[in-house]
Every structure is written in structure tokens, then in C-alpha cells.
file start_10.cif (mmCIF, C-alpha atoms and all ligand atoms)
data_query
loop_
_atom_site.label_atom_id
_atom_site.label_comp_id
_atom_site.auth_asym_id
_atom_site.auth_seq_id
_atom_site.Cartn_x
_atom_site.Cartn_y
_atom_site.Cartn_z
CA MET W 761 0.00 0.00 0.00
CA SER W 762 1.40 3.35 -0.97
CA THR W 763 1.53 6.04 1.68
CA ARG W 764 2.63 8.68 -0.80
CA PRO W 765 0.24 11.39 -1.82
CA SER W 766 -0.44 12.47 -5.35
CA PHE W 767 -0.46 16.05 -6.49
CA HIS W 768 -2.43 18.19 -8.79
CA SER W 769 -0.42 20.18 -11.22
CA LEU W 770 -1.23 23.78 -11.87
CA PRO W 771 -1.63 25.87 -13.92
CA ILE W 772 -5.12 25.11 -14.94
CA PRO W 773 -6.03 25.84 -18.56
CA HIS W 774 -7.64 29.22 -18.95
CA GLY W 775 -11.41 29.21 -18.68
CA ARG W 776 -11.63 25.77 -17.16
CA SER W 777 -10.61 26.68 -13.63
CA ALA W 778 -13.90 25.97 -11.95
CA ALA W 779 -14.34 22.54 -13.46
CA LEU W 780 -10.81 21.45 -12.79
CA LEU W 781 -10.70 22.88 -9.32
CA ALA W 782 -13.56 20.62 -8.43
CA LEU W 783 -11.25 17.74 -9.18
CA ILE W 784 -8.71 18.69 -6.55
CA PRO W 785 -9.06 15.76 -4.17
CA SER W 786 -8.78 15.51 -0.47
CA LEU W 787 -5.90 13.43 0.80
CA THR W 788 -7.94 10.32 1.16
CA GLY W 789 -8.44 8.03 -1.79
CA LEU W 790 -5.93 9.68 -4.06
CA VAL W 791 -4.97 8.05 -7.34
CA PRO W 792 -2.59 7.70 -8.96
CA ALA W 793 0.28 7.51 -6.52
CA LEU W 794 3.08 9.99 -7.04
CA ALA W 795 5.47 7.24 -8.07
CA SER W 796 3.35 6.48 -11.09
CA LEU W 797 3.36 10.04 -12.38
CA PRO W 798 5.64 10.81 -15.31
CA PRO W 799 8.88 12.52 -14.29
CA ALA W 800 8.62 16.27 -14.13
CA GLN W 801 10.08 18.09 -17.12
CA ALA W 802 10.14 21.56 -15.69
CA LYS W 803 11.12 23.06 -12.39
CA GLU W 804 8.45 22.51 -9.79
CA VAL W 805 7.48 23.07 -6.21
CA ARG W 806 5.24 20.76 -4.24
CA VAL W 807 2.83 22.29 -1.79
CA TYR W 808 0.86 20.67 1.00
CA SER W 809 -1.85 23.14 1.92
CA GLY W 810 -4.31 23.23 4.77
CA ARG W 811 -6.08 26.20 3.23
CA HIS W 812 -9.44 25.42 1.75
CA TYR W 813 -10.18 28.23 -0.68
CA SER W 814 -10.64 27.46 -4.35
CA SER W 815 -9.33 30.93 -5.20
CA ASP W 816 -5.83 29.96 -4.02
CA ALA W 817 -5.19 28.12 -7.28
CA ALA W 818 -5.32 31.35 -9.27
CA LEU W 819 -2.36 32.72 -7.36
CA PHE W 820 -0.32 29.57 -7.92
CA GLN W 821 -1.09 29.90 -11.62
CA GLN W 822 0.15 33.48 -11.54
CA PHE W 823 3.39 32.26 -9.96
CA THR W 824 3.89 29.64 -12.66
CA LYS W 825 3.29 32.24 -15.33
CA ALA W 826 5.85 34.58 -13.79
CA THR W 827 8.56 32.00 -13.06
CA GLY W 828 7.96 28.91 -15.17
CA ILE W 829 7.95 26.86 -11.97
CA GLN W 830 5.07 24.44 -11.85
CA VAL W 831 3.12 24.20 -8.59
CA ARG W 832 1.94 20.78 -7.57
CA LEU W 833 -0.72 21.16 -4.96
CA LEU W 834 -2.14 18.82 -2.40
CA GLU W 835 -4.95 20.27 -0.31
CA SER W 836 -6.52 18.81 2.80
CA ASN W 837 -7.24 19.81 6.37
CA ASP W 838 -4.33 20.80 8.58
CA SER W 839 -4.31 17.74 10.81
CA THR W 840 -4.40 15.28 7.90
CA ILE W 841 -1.51 17.06 6.26
CA ILE W 842 0.56 17.16 9.44
CA GLU W 843 -0.08 13.46 10.00
CA ARG W 844 0.91 12.72 6.42
CA LEU W 845 4.09 14.75 6.68
CA ARG W 846 5.02 13.03 9.93
CA ASN W 847 4.53 9.58 8.40
CA GLU W 848 6.53 10.45 5.31
CA GLY W 849 9.53 11.74 7.26
CA GLN W 850 12.51 12.45 5.09
CA ASN W 851 10.86 10.74 2.11
CA SER W 852 8.24 13.47 1.96
CA SER W 853 7.65 15.12 -1.40
CA ALA W 854 6.40 18.33 0.16
CA ASP W 855 8.55 21.42 -0.34
CA VAL W 856 6.17 23.97 1.13
CA LEU W 857 3.75 23.48 4.00
CA VAL W 858 0.83 25.91 4.24
CA LEU W 859 -1.18 25.92 7.47
CA VAL W 860 -4.02 27.92 8.90
CA ASP W 861 -3.55 29.38 12.38
CA ALA W 862 -0.55 30.53 14.36
CA ALA W 863 -0.72 27.65 16.82
CA LYS W 864 -0.59 25.05 14.07
CA LEU W 865 2.36 26.78 12.47
CA ALA W 866 4.19 27.02 15.79
CA ASN W 867 3.47 23.38 16.63
CA ALA W 868 4.70 22.22 13.22
CA ALA W 869 7.85 24.29 13.71
CA ALA W 870 8.39 22.79 17.16
CA ASP W 871 8.00 19.31 15.64
CA GLY W 872 10.81 20.07 13.20
CA MET W 873 8.65 20.11 10.09
CA PHE W 874 10.14 23.33 8.70
CA GLN W 875 13.66 24.49 8.03
CA PRO W 876 14.81 28.03 8.70
CA VAL W 877 15.01 30.29 5.68
CA GLY W 878 17.14 33.40 5.36
CA SER W 879 15.50 35.61 2.78
CA ALA W 880 15.86 39.37 2.62
CA ALA W 881 12.62 39.59 0.64
CA LEU W 882 10.66 37.70 3.29
CA MET W 883 12.16 39.76 6.11
CA ARG W 884 11.14 42.89 4.24
CA ASP W 885 7.67 41.87 3.09
CA VAL W 886 6.36 39.93 6.10
CA PRO W 887 5.99 42.08 9.21
CA LEU W 888 7.94 40.83 12.22
CA ASP W 889 4.83 39.98 14.24
CA LEU W 890 3.44 37.83 11.41
CA ARG W 891 6.35 35.41 11.06
CA ASP W 892 8.46 33.02 13.08
CA PRO W 893 11.44 34.83 14.63
CA LYS W 894 13.62 31.87 13.56
CA GLY W 895 12.49 32.08 9.92
CA ARG W 896 10.71 28.73 9.85
CA TRP W 897 7.31 30.07 8.73
CA PHE W 898 5.90 33.28 7.32
CA GLY W 899 2.39 34.72 7.44
CA LEU W 900 0.47 34.88 4.16
CA THR W 901 -2.84 36.39 5.25
CA ARG W 902 -4.42 37.90 8.35
CA ARG W 903 -7.78 37.02 9.83
CA VAL W 904 -9.63 38.83 12.60
CA ARG W 905 -11.76 37.18 15.30
CA ALA W 906 -14.75 39.49 15.27
CA PHE W 907 -18.13 39.99 16.88
CA ALA W 908 -20.97 38.93 14.61
CA VAL W 909 -23.90 40.89 16.02
CA ASN W 910 -27.62 40.86 15.38
CA PRO W 911 -28.55 44.50 16.06
CA ALA W 912 -32.16 43.51 16.71
CA VAL W 913 -31.00 41.48 19.73
CA VAL W 914 -27.83 43.18 20.99
CA ASN W 915 -26.74 46.79 20.60
CA PRO W 916 -23.49 46.69 18.60
CA ALA W 917 -22.31 49.83 20.38
CA SER W 918 -22.29 47.91 23.68
CA LEU W 919 -19.50 45.67 22.40
CA LYS W 920 -16.01 47.13 22.61
CA THR W 921 -13.65 44.38 23.77
CA TYR W 922 -13.69 40.58 23.95
CA ALA W 923 -14.25 40.98 27.70
CA ASP W 924 -17.71 42.39 27.02
CA LEU W 925 -18.99 38.93 26.03
CA ALA W 926 -18.87 37.96 29.70
CA LYS W 927 -21.11 40.81 30.87
CA PRO W 928 -24.22 39.57 32.73
CA ALA W 929 -26.36 41.77 30.46
CA LEU W 930 -25.69 39.30 27.64
CA LYS W 931 -27.14 36.30 29.46
CA GLY W 932 -28.76 33.95 26.97
CA LYS W 933 -27.52 35.97 24.00
CA VAL W 934 -23.96 34.77 23.37
CA CYS W 935 -22.98 31.99 20.95
CA LEU W 936 -19.61 30.30 20.70
CA ARG W 937 -17.93 27.75 18.52
CA ASN W 938 -16.49 24.69 20.26
CA ARG W 939 -13.26 24.44 22.23
CA ASN W 940 -11.79 22.13 19.62
CA ASN W 941 -11.63 25.01 17.18
CA VAL W 942 -8.16 26.46 16.86
CA TYR W 943 -9.46 29.98 16.11
CA ASN W 944 -10.94 30.14 19.59
CA GLN W 945 -7.89 28.51 21.12
CA SER W 946 -5.71 31.25 19.67
CA LEU W 947 -8.10 33.91 20.93
CA VAL W 948 -7.93 32.46 24.44
CA ALA W 949 -4.13 32.31 24.18
CA ASP W 950 -4.25 35.97 23.19
CA GLN W 951 -6.39 36.97 26.15
CA MET W 952 -4.27 34.94 28.59
CA ILE W 953 -1.15 36.79 27.50
CA LEU W 954 -2.80 40.21 27.44
CA ARG W 955 -4.93 39.94 30.58
CA GLY W 956 -3.42 37.12 32.62
CA ASP W 957 -4.66 33.61 33.34
CA ARG W 958 -7.08 34.57 36.09
CA ALA W 959 -8.86 37.26 34.13
CA ALA W 960 -9.02 34.94 31.13
CA ALA W 961 -10.53 32.16 33.24
CA THR W 962 -13.19 34.50 34.64
CA TRP W 963 -13.92 35.72 31.13
CA ILE W 964 -14.43 32.18 29.81
CA LYS W 965 -16.75 31.31 32.71
CA GLY W 966 -18.76 34.47 32.07
CA MET W 967 -19.16 33.73 28.36
CA VAL W 968 -20.15 30.14 29.03
CA ALA W 969 -22.76 31.36 31.53
CA ASN W 970 -24.14 33.67 28.83
CA LEU W 971 -24.55 30.99 26.16
CA ALA W 972 -27.82 31.02 24.24
CA GLN W 973 -27.38 27.43 23.11
CA PRO W 974 -24.76 24.66 22.96
CA VAL W 975 -21.50 25.42 21.18
CA PHE W 976 -21.37 25.34 17.38
CA THR W 977 -19.08 23.25 15.20
CA SER W 978 -18.51 25.90 12.53
CA ASP W 979 -18.27 29.67 12.21
CA VAL W 980 -20.81 29.64 9.38
CA ALA W 981 -23.45 27.81 11.43
CA LEU W 982 -22.88 30.33 14.20
CA ALA W 983 -23.18 33.28 11.82
CA ARG W 984 -26.48 31.92 10.48
CA ALA W 985 -27.81 31.58 14.03
CA VAL W 986 -26.87 35.19 14.73
CA ALA W 987 -28.66 36.31 11.56
CA GLN W 988 -31.77 34.38 12.59
CA GLY W 989 -31.74 36.01 16.02
CA ARG W 990 -31.09 32.73 17.82
CA CYS W 991 -27.93 34.41 19.10
CA GLY W 992 -27.40 38.10 19.74
CA VAL W 993 -23.65 37.99 19.35
CA GLY W 994 -21.00 35.42 18.54
CA LEU W 995 -17.34 35.20 17.61
CA VAL W 996 -16.42 34.51 14.00
CA ASN W 997 -13.57 35.10 11.61
CA SER W 998 -14.96 37.97 9.61
CA TYR W 999 -14.12 36.42 6.23
CA TYR W 1000 -16.93 33.88 6.72
CA VAL W 1001 -19.52 36.63 6.90
CA ALA W 1002 -17.83 38.46 4.01
CA ARG W 1003 -18.09 35.34 1.90
CA MET W 1004 -21.78 34.98 2.76
CA LEU W 1005 -22.32 38.64 1.81
CA SER W 1006 -20.58 38.10 -1.52
CA GLY W 1007 -23.17 35.53 -2.54
CA GLN W 1008 -20.49 32.85 -2.99
CA SER W 1009 -22.42 30.48 -0.77
CA GLY W 1010 -25.84 31.20 -2.26
CA ALA W 1011 -28.72 33.64 -2.05
CA ALA W 1012 -30.01 32.35 1.29
CA ASP W 1013 -26.70 32.99 3.04
CA LYS W 1014 -26.37 36.35 1.34
CA ALA W 1015 -29.75 37.43 2.72
CA LEU W 1016 -28.84 36.14 6.18
CA ALA W 1017 -25.48 37.89 6.21
CA ALA W 1018 -27.17 41.20 5.48
CA LYS W 1019 -28.69 40.96 8.97
CA ILE W 1020 -25.31 40.59 10.66
CA ARG W 1021 -23.17 43.48 11.82
CA ILE W 1022 -19.45 42.80 12.05
CA VAL W 1023 -17.83 44.66 14.95
CA TYR W 1024 -14.10 44.54 15.50
CA PRO W 1025 -13.09 44.46 19.16
CA ASN W 1026 -10.51 47.08 20.01
CA PRO W 1027 -7.80 45.94 20.08
CA ALA W 1028 -8.47 43.01 17.76
CA HIS W 1029 -6.99 39.54 17.91
CA ILE W 1030 -5.20 38.77 14.64
CA ASN W 1031 -4.40 35.29 13.43
CA VAL W 1032 -2.59 34.17 10.30
CA SER W 1033 -2.38 31.54 7.67
CA GLY W 1034 1.24 30.96 6.79
CA ALA W 1035 3.81 28.88 4.97
CA GLY W 1036 7.29 27.51 5.45
CA VAL W 1037 9.85 25.43 3.61
CA THR W 1038 9.67 21.83 4.79
CA ARG W 1039 12.64 20.25 6.53
CA TYR W 1040 13.22 17.73 3.74
CA ALA W 1041 12.32 19.93 0.77
CA LYS W 1042 13.71 18.58 -2.50
CA ASN W 1043 13.10 21.88 -4.31
CA LYS W 1044 14.25 24.41 -1.74
CA PRO W 1045 15.11 27.37 -4.02
CA GLU W 1046 11.73 27.03 -5.76
CA ALA W 1047 10.00 26.72 -2.39
CA ILE W 1048 11.57 29.96 -1.18
CA GLN W 1049 10.71 31.64 -4.46
CA LEU W 1050 7.07 30.63 -4.10
CA ILE W 1051 6.75 31.96 -0.55
CA GLU W 1052 8.50 35.17 -1.59
CA PHE W 1053 6.03 35.53 -4.43
CA LEU W 1054 3.00 34.90 -2.22
CA THR W 1055 4.09 37.58 0.24
CA SER W 1056 5.41 40.08 -2.30
CA PRO W 1057 3.73 43.45 -2.83
CA THR W 1058 2.67 42.35 -6.33
CA ALA W 1059 0.77 39.33 -5.00
CA ALA W 1060 0.13 40.71 -1.53
CA GLU W 1061 -3.64 40.71 -1.85
CA GLY W 1062 -3.64 37.41 -3.69
CA PHE W 1063 -4.73 34.83 -1.15
CA ALA W 1064 -6.56 37.42 0.90
CA LYS W 1065 -8.56 38.74 -2.03
CA GLY W 1066 -10.18 35.45 -2.98
CA SER W 1067 -10.94 34.36 0.55
CA PHE W 1068 -11.93 37.74 2.08
CA GLU W 1069 -9.04 37.55 4.54
CA TYR W 1070 -6.85 40.59 5.06
CA PRO W 1071 -3.46 40.96 3.37
CA LEU W 1072 -0.33 41.18 5.52
CA LYS W 1073 -0.50 44.97 5.33
CA GLY W 1074 -3.51 47.26 5.01
CA TYR W 1075 -7.18 46.36 4.80
CA GLY W 1076 -7.48 45.03 1.30
CA ASN W 1077 -9.07 46.56 -1.74
CA ASN W 1078 -12.46 44.96 -1.35
CA PRO W 1079 -15.84 46.69 -0.95
CA ILE W 1080 -17.18 44.10 1.48
CA LEU W 1081 -14.18 44.38 3.78
CA GLN W 1082 -14.34 48.14 3.51
CA ARG W 1083 -17.89 47.94 4.81
CA PHE W 1084 -16.54 46.17 7.92
CA GLY W 1085 -14.19 49.09 8.57
CA SER W 1086 -10.71 49.12 9.99
CA PHE W 1087 -9.35 47.37 13.05
CA LYS W 1088 -6.55 47.94 15.51
CA PRO W 1089 -4.44 44.81 16.01
CA ASP W 1090 -3.32 44.00 19.53
CA ARG W 1091 0.41 43.85 20.11
CA LEU W 1092 0.85 40.08 20.20
CA SER W 1093 2.79 38.14 17.61
CA ALA W 1094 1.59 34.98 15.91
CA ALA W 1095 4.54 33.15 17.44
CA GLN W 1096 3.44 34.11 20.98
CA LEU W 1097 -0.04 32.75 20.31
CA GLY W 1098 1.39 29.46 19.12
CA ALA W 1099 3.54 29.04 22.20
CA GLN W 1100 0.51 29.59 24.46
CA ASN W 1101 -1.78 27.11 22.67
CA LYS W 1102 -1.62 24.13 25.03
CA ALA W 1103 -2.23 26.28 28.09
CA ALA W 1104 -5.17 27.91 26.33
CA VAL W 1105 -6.85 24.60 25.55
CA ALA W 1106 -6.40 23.52 29.18
CA LEU W 1107 -7.89 26.77 30.49
CA MET W 1108 -10.91 26.41 28.20
CA ALA W 1109 -11.51 22.84 29.40
CA THR W 1110 -11.18 23.77 33.08
CA ASN W 1111 -13.66 26.62 32.76
CA GLY W 1112 -16.44 24.84 30.92
CA TRP W 1113 -15.87 25.77 27.25
CA LYS W 1114 -17.15 22.59 25.61
FE FE X 1201 -11.48 29.23 8.22
#
call {"tool": "encode", "arguments": {"input": "start_10.cif", "output": "C-alpha cells"}}
result
Amino acid sequence: MSTRPSFHSLPIPHGRSAALLALIPSLTGLVPALASLPPAQAKEVRVYSGRHYSSDAALFQQFTKATGIQVRLLESNDSTIIERLRNEGQNSSADVLVLVDAAKLANAAADGMFQPVGSAALMRDVPLDLRDPKGRWFGLTRRVRAFAVNPAVVNPASLKTYADLAKPALKGKVCLRNRNNVYNQSLVADQMILRGDRAAATWIKGMVANLAQPVFTSDVALARAVAQGRCGVGLVNSYYVARMLSGQSGAADKALAAKIRIVYPNPAHINVSGAGVTRYAKNKPEAIQLIEFLTSPTAAEGFAKGSFEYPLKGYGNNPILQRFGSFKPDRLSAAQLGAQNKAAVALMATNGWK
């Protein structure tokens, strides 16, 4: 039985993107195995990606067009990819590992999955707080954990900081996603560092006491519940609501999203998706070139644009995001959040966040 993954080659022929993108498989049940593929003629870079946005492929195509380097992409969820990489060890075909969330990036770095990269372009283009201080991974996009508010239930003006979710006035009106979700774990890590463990514990207990209903398993389900007035306020990554507003997920979601107000806590907790060169990369120069491209000013809005995330700098040139307004990031780095992850999960469990 082969344990090796297969890849999809980009670029995708012009005009057929949508159809071919649908063929990008998950990691399970892949055929044919890599070994059976014909040998590559051109330079290439092999990417394992935990991102799940069909628009990502367009940026890889742009890279191939600019450099002649073919991108071979394997997409799945973060944990499947990490597991796969671990099993493959030094035989891995991955050159670049893309993960969503600071904690996952930090954990992968701690497990030795990346190698440090010295690149003047990356140092210049990726702000210090959005990359690993040791150069093992680099942020690609920013995402903000925001309040999704139903103004008919909760006054948006009453929500200024994450701490406000624990106010007794919100009893029966707060909705949360489950503890298992890394977005919330990173938010708790953030609050522990900024406010201390005791304040964070009290905050969690307060939010749990305010819950309108059991925890959700996805940000989108939570956003819909807010829109329907089943929750007055919940925490979501704002790009989910942006995507609903764009109509990408259908007319019903678009209509629901119109009832949601996005409010950015001040200061706001910022998370990242990011990439690094794998420890056993066979195409290291191409891997570095790809990450440099993805973070360069020319492609800076690339990933962010298609997924309604924010670019590394600025707020993005997108009418929906402009409607959400600006935000003021708190002073924590992605690396700090990653280091605090285990303690955050433990604090959530102890204080009743299911
Ligand atoms: Fe997400």
C-alpha cells in the first residue's frame, strides 16, 4: 500500500478553472500515486496546503506564469496534512507546507517540520509579528476574530472588547464555537497573554454562563444563528460573513449575512495563515521563491482577495471588507499565540468551554 500522496499540477487551462478545481481531491483516496506520475520536465514546487479556498489556485497559476515553476498542490485539512508529513519523514515530497492558524504553524515548527530560511525579501515583506522569529514560517494572510452581532437582539455599540462577552447583560444571547476550534484557542491564548490567566478564566466562565445554546461546530453555522436572532452575538472570523455577503455560498446565506453586523473588538486579535519550507524539501530554491512571491507586494492581496481575509499589510481593496471598517491589532505576535496554545486549551476545558 502506498503512503505517498499524489499532487495536482497547476496551472489550470484558462477558462476551465472551476471545473478542474472541483477535481482537486482531499488526501484520502488519491490516485494515482506519485510514483506512477511521469517525471517532471520543468522546475516545480510541491505544496501541502491546509487552506481550503478554491481561489488559491489562481495565485499559484500566476506564480507559474511569472517564473515557469510548476506548482503541484495537495490540499486537505491541517491535521491530515501534518499526519501525512510526519509519516513520510525524510521521504516526503512536500517542499512547502501551508497551514491555517498561528498555533498550528508554531506546533509544526516545534515538531521540526520546517527548516529556517534566510531571505531578505521575506524579512522585508512579512511584518515581524506575522512570522516566526527563527524564519521557519511566514504569514500569508491575516484574519480577525470578530463579533458577529444581530442588532435587533444586541446593541453593537455595547460591544467594545472581547471581555464584554462575559457581561451579565448578555445572558442567553452569546454563541460560541467549540473548544476544539483552533481559532478560539488562539483567541484564548491571546487573552491569557494580554490579561493574565485569572482574568481569562473569569472571562471564559462568564461567556459560558451567557450561552444562548450549545457550542457550534462551525463559524458559518454560528453566523447563520446570529442572523436568525437565535444568538445576539457570537465570535467569528470575519471572512466567513464576508463570503456569505458576496453571494459565494448562495442567495439564502447572502440574505442572512445582510442581517449581521461585524464589529471589531478594540484591540483586535489577529491570526494568520502561513507557509514555510519543509525540513526535507527537495526543491528548496523554488519553495523559497514561491513563498516570496505569495508575500510580495505584487501578489500581496492574492490569497486574501479570494478568501476575504486581510493581506499582511492594510485592509485590502475589497468593498465588502471596507464595509466592515478598519481594526486595531493588539500587540501580540503569531509566534506568541502558538507558544501559548496548550495552556489555552487547558484553560478552556477547566472553565467549561465545551
Ligand atoms: Fe477558516
call {"tool": "residues_near_ligand", "arguments": {"input": "start_10.cif", "ligand": "ligand FE 1201 (chain X)", "cutoff": "10 Å", "atoms": "all atoms listed in the file", "output": "ChimeraX atom specification"}}
result
/W:810-813,860-861,903,941-943,978-980,996-1000,1033,1067,1069
call {"tool": "closest_residue", "arguments": {"input": "start_10.cif", "among": "W:Ala929, W:Val1001, W:Leu890, W:Ala1028", "to": "Ala866 of chain W", "atoms": "all atoms listed in the file"}}
result
W:Leu890
call {"tool": "residues_near_point", "arguments": {"input": "start_10.cif", "point": "(-14.8, 35.7, 15.9)", "cutoff": "9 Å", "atoms": "only C-alpha atoms", "output": "list in words"}}
result
Val904, Arg905, Ala906, Phe907, Ala908, Leu936, Arg937, Tyr943, Asn944, Leu947, Asp979, Gly994, Leu995, Val996, Asn997, Ser998, Tyr1024 and His1029 of chain W
call {"tool": "closest_residue", "arguments": {"input": "start_10.cif", "among": "W:Leu919, W:Leu1072, W:Ala1094, W:Ala802", "to": "Thr827 of chain W", "atoms": "all atoms listed in the file"}}
result
W:Ala802
call {"tool": "closest_residue", "arguments": {"input": "start_10.cif", "among": "W:Ser1056, W:Thr901, W:Asn915, W:Gln1049", "to": "Pro1071 of chain W", "atoms": "all atoms listed in the file"}}
result
W:Thr901
call {"tool": "closest_residue", "arguments": {"input": "start_10.cif", "among": "W:Ser1093, W:Ser879, W:Asn1026, W:Gln1008", "to": "Ile1051 of chain W", "atoms": "all atoms listed in the file"}}
result
W:Ser879
call {"tool": "atom_distance", "arguments": {"input": "start_10.cif", "atom1": "atom CA of Ala926 of chain W", "atom2": "atom CA of Met967 of chain W"}}
result
4.4 Å
call {"tool": "closest_residue", "arguments": {"input": "start_10.cif", "among": "W:Asn910, W:Gln1082, W:Gln1100, W:Gln822", "to": "Leu1054 of chain W", "atoms": "only C-alpha atoms"}}
result
W:Gln822
call {"tool": "atom_distance", "arguments": {"input": "start_10.cif", "atom1": "atom CA of Leu971 of chain W", "atom2": "atom CA of Leu930 of chain W"}}
result
8.5 Å
call {"tool": "residues_around", "arguments": {"input": "start_10.cif", "residues": "Leu1107 of chain W", "least_positions_apart": "5", "cutoff": "10 Å", "atoms": "only C-alpha atoms", "output": "list in words"}}
result
Gln945, Val948, Ala949, Met952, Asp957, Arg958, Ala960, Ala961, Ile964, Asn1101, Lys1102, Gly1112 and Trp1113 of chain W
call {"tool": "build_atoms", "arguments": {"input": "start_10.cif", "residues": "segment 1043-1064 of chain W", "atoms": "N, CA and C atoms", "output": "PDB file, in the frame of the given file"}}
result
ATOM      1  N   ASN W1043      13.037  20.712  -3.421  1.00  0.00           N
ATOM      2  CA  ASN W1043      13.100  21.880  -4.310  1.00  0.00           C
ATOM      3  C   ASN W1043      13.140  23.159  -3.477  1.00  0.00           C
ATOM      4  N   LYS W1044      14.196  23.302  -2.699  1.00  0.00           N
ATOM      5  CA  LYS W1044      14.250  24.410  -1.740  1.00  0.00           C
ATOM      6  C   LYS W1044      14.274  25.795  -2.409  1.00  0.00           C
ATOM      7  N   PRO W1045      15.106  26.021  -3.425  1.00  0.00           N
ATOM      8  CA  PRO W1045      15.110  27.370  -4.020  1.00  0.00           C
ATOM      9  C   PRO W1045      13.738  27.739  -4.581  1.00  0.00           C
ATOM     10  N   GLU W1046      13.058  26.762  -5.207  1.00  0.00           N
ATOM     11  CA  GLU W1046      11.730  27.030  -5.760  1.00  0.00           C
ATOM     12  C   GLU W1046      10.727  27.277  -4.641  1.00  0.00           C
ATOM     13  N   ALA W1047      10.905  26.548  -3.540  1.00  0.00           N
ATOM     14  CA  ALA W1047      10.000  26.720  -2.390  1.00  0.00           C
ATOM     15  C   ALA W1047      10.115  28.139  -1.838  1.00  0.00           C
ATOM     16  N   ILE W1048      11.353  28.608  -1.694  1.00  0.00           N
ATOM     17  CA  ILE W1048      11.570  29.960  -1.180  1.00  0.00           C
ATOM     18  C   ILE W1048      10.981  30.985  -2.160  1.00  0.00           C
ATOM     19  N   GLN W1049      11.219  30.723  -3.430  1.00  0.00           N
ATOM     20  CA  GLN W1049      10.710  31.640  -4.460  1.00  0.00           C
ATOM     21  C   GLN W1049       9.190  31.744  -4.403  1.00  0.00           C
ATOM     22  N   LEU W1050       8.535  30.612  -4.166  1.00  0.00           N
ATOM     23  CA  LEU W1050       7.070  30.630  -4.100  1.00  0.00           C
ATOM     24  C   LEU W1050       6.594  31.452  -2.895  1.00  0.00           C
ATOM     25  N   ILE W1051       7.192  31.225  -1.747  1.00  0.00           N
ATOM     26  CA  ILE W1051       6.750  31.960  -0.550  1.00  0.00           C
ATOM     27  C   ILE W1051       7.055  33.455  -0.715  1.00  0.00           C
ATOM     28  N   GLU W1052       8.185  33.754  -1.315  1.00  0.00           N
ATOM     29  CA  GLU W1052       8.500  35.170  -1.590  1.00  0.00           C
ATOM     30  C   GLU W1052       7.453  35.792  -2.506  1.00  0.00           C
ATOM     31  N   PHE W1053       7.050  35.023  -3.500  1.00  0.00           N
ATOM     32  CA  PHE W1053       6.030  35.530  -4.430  1.00  0.00           C
ATOM     33  C   PHE W1053       4.705  35.772  -3.689  1.00  0.00           C
ATOM     34  N   LEU W1054       4.306  34.806  -2.882  1.00  0.00           N
ATOM     35  CA  LEU W1054       3.000  34.900  -2.220  1.00  0.00           C
ATOM     36  C   LEU W1054       2.924  36.074  -1.234  1.00  0.00           C
ATOM     37  N   THR W1055       4.082  36.491  -0.736  1.00  0.00           N
ATOM     38  CA  THR W1055       4.090  37.580   0.240  1.00  0.00           C
ATOM     39  C   THR W1055       4.573  38.899  -0.371  1.00  0.00           C
ATOM     40  N   SER W1056       4.863  38.884  -1.657  1.00  0.00           N
ATOM     41  CA  SER W1056       5.410  40.080  -2.300  1.00  0.00           C
ATOM     42  C   SER W1056       4.331  41.136  -2.506  1.00  0.00           C
ATOM     43  N   PRO W1057       4.734  42.403  -2.611  1.00  0.00           N
ATOM     44  CA  PRO W1057       3.730  43.450  -2.830  1.00  0.00           C
ATOM     45  C   PRO W1057       2.877  43.195  -4.087  1.00  0.00           C
ATOM     46  N   THR W1058       3.453  42.596  -5.115  1.00  0.00           N
ATOM     47  CA  THR W1058       2.670  42.350  -6.330  1.00  0.00           C
ATOM     48  C   THR W1058       1.539  41.355  -6.090  1.00  0.00           C
ATOM     49  N   ALA W1059       1.793  40.357  -5.249  1.00  0.00           N
ATOM     50  CA  ALA W1059       0.770  39.330  -5.000  1.00  0.00           C
ATOM     51  C   ALA W1059       0.137  39.492  -3.624  1.00  0.00           C
ATOM     52  N   ALA W1060       0.480  40.576  -2.958  1.00  0.00           N
ATOM     53  CA  ALA W1060       0.130  40.710  -1.530  1.00  0.00           C
ATOM     54  C   ALA W1060      -1.349  40.482  -1.239  1.00  0.00           C
ATOM     55  N   GLU W1061      -2.213  40.900  -2.134  1.00  0.00           N
ATOM     56  CA  GLU W1061      -3.640  40.710  -1.850  1.00  0.00           C
ATOM     57  C   GLU W1061      -4.134  39.380  -2.395  1.00  0.00           C
ATOM     58  N   GLY W1062      -3.252  38.625  -3.001  1.00  0.00           N
ATOM     59  CA  GLY W1062      -3.640  37.410  -3.690  1.00  0.00           C
ATOM     60  C   GLY W1062      -4.522  36.470  -2.905  1.00  0.00           C
ATOM     61  N   PHE W1063      -3.959  35.775  -1.949  1.00  0.00           N
ATOM     62  CA  PHE W1063      -4.730  34.830  -1.150  1.00  0.00           C
ATOM     63  C   PHE W1063      -5.892  35.538  -0.459  1.00  0.00           C
ATOM     64  N   ALA W1064      -5.583  36.699   0.099  1.00  0.00           N
ATOM     65  CA  ALA W1064      -6.560  37.420   0.900  1.00  0.00           C
ATOM     66  C   ALA W1064      -7.775  37.832   0.061  1.00  0.00           C
TER      67      ALA W1064
END
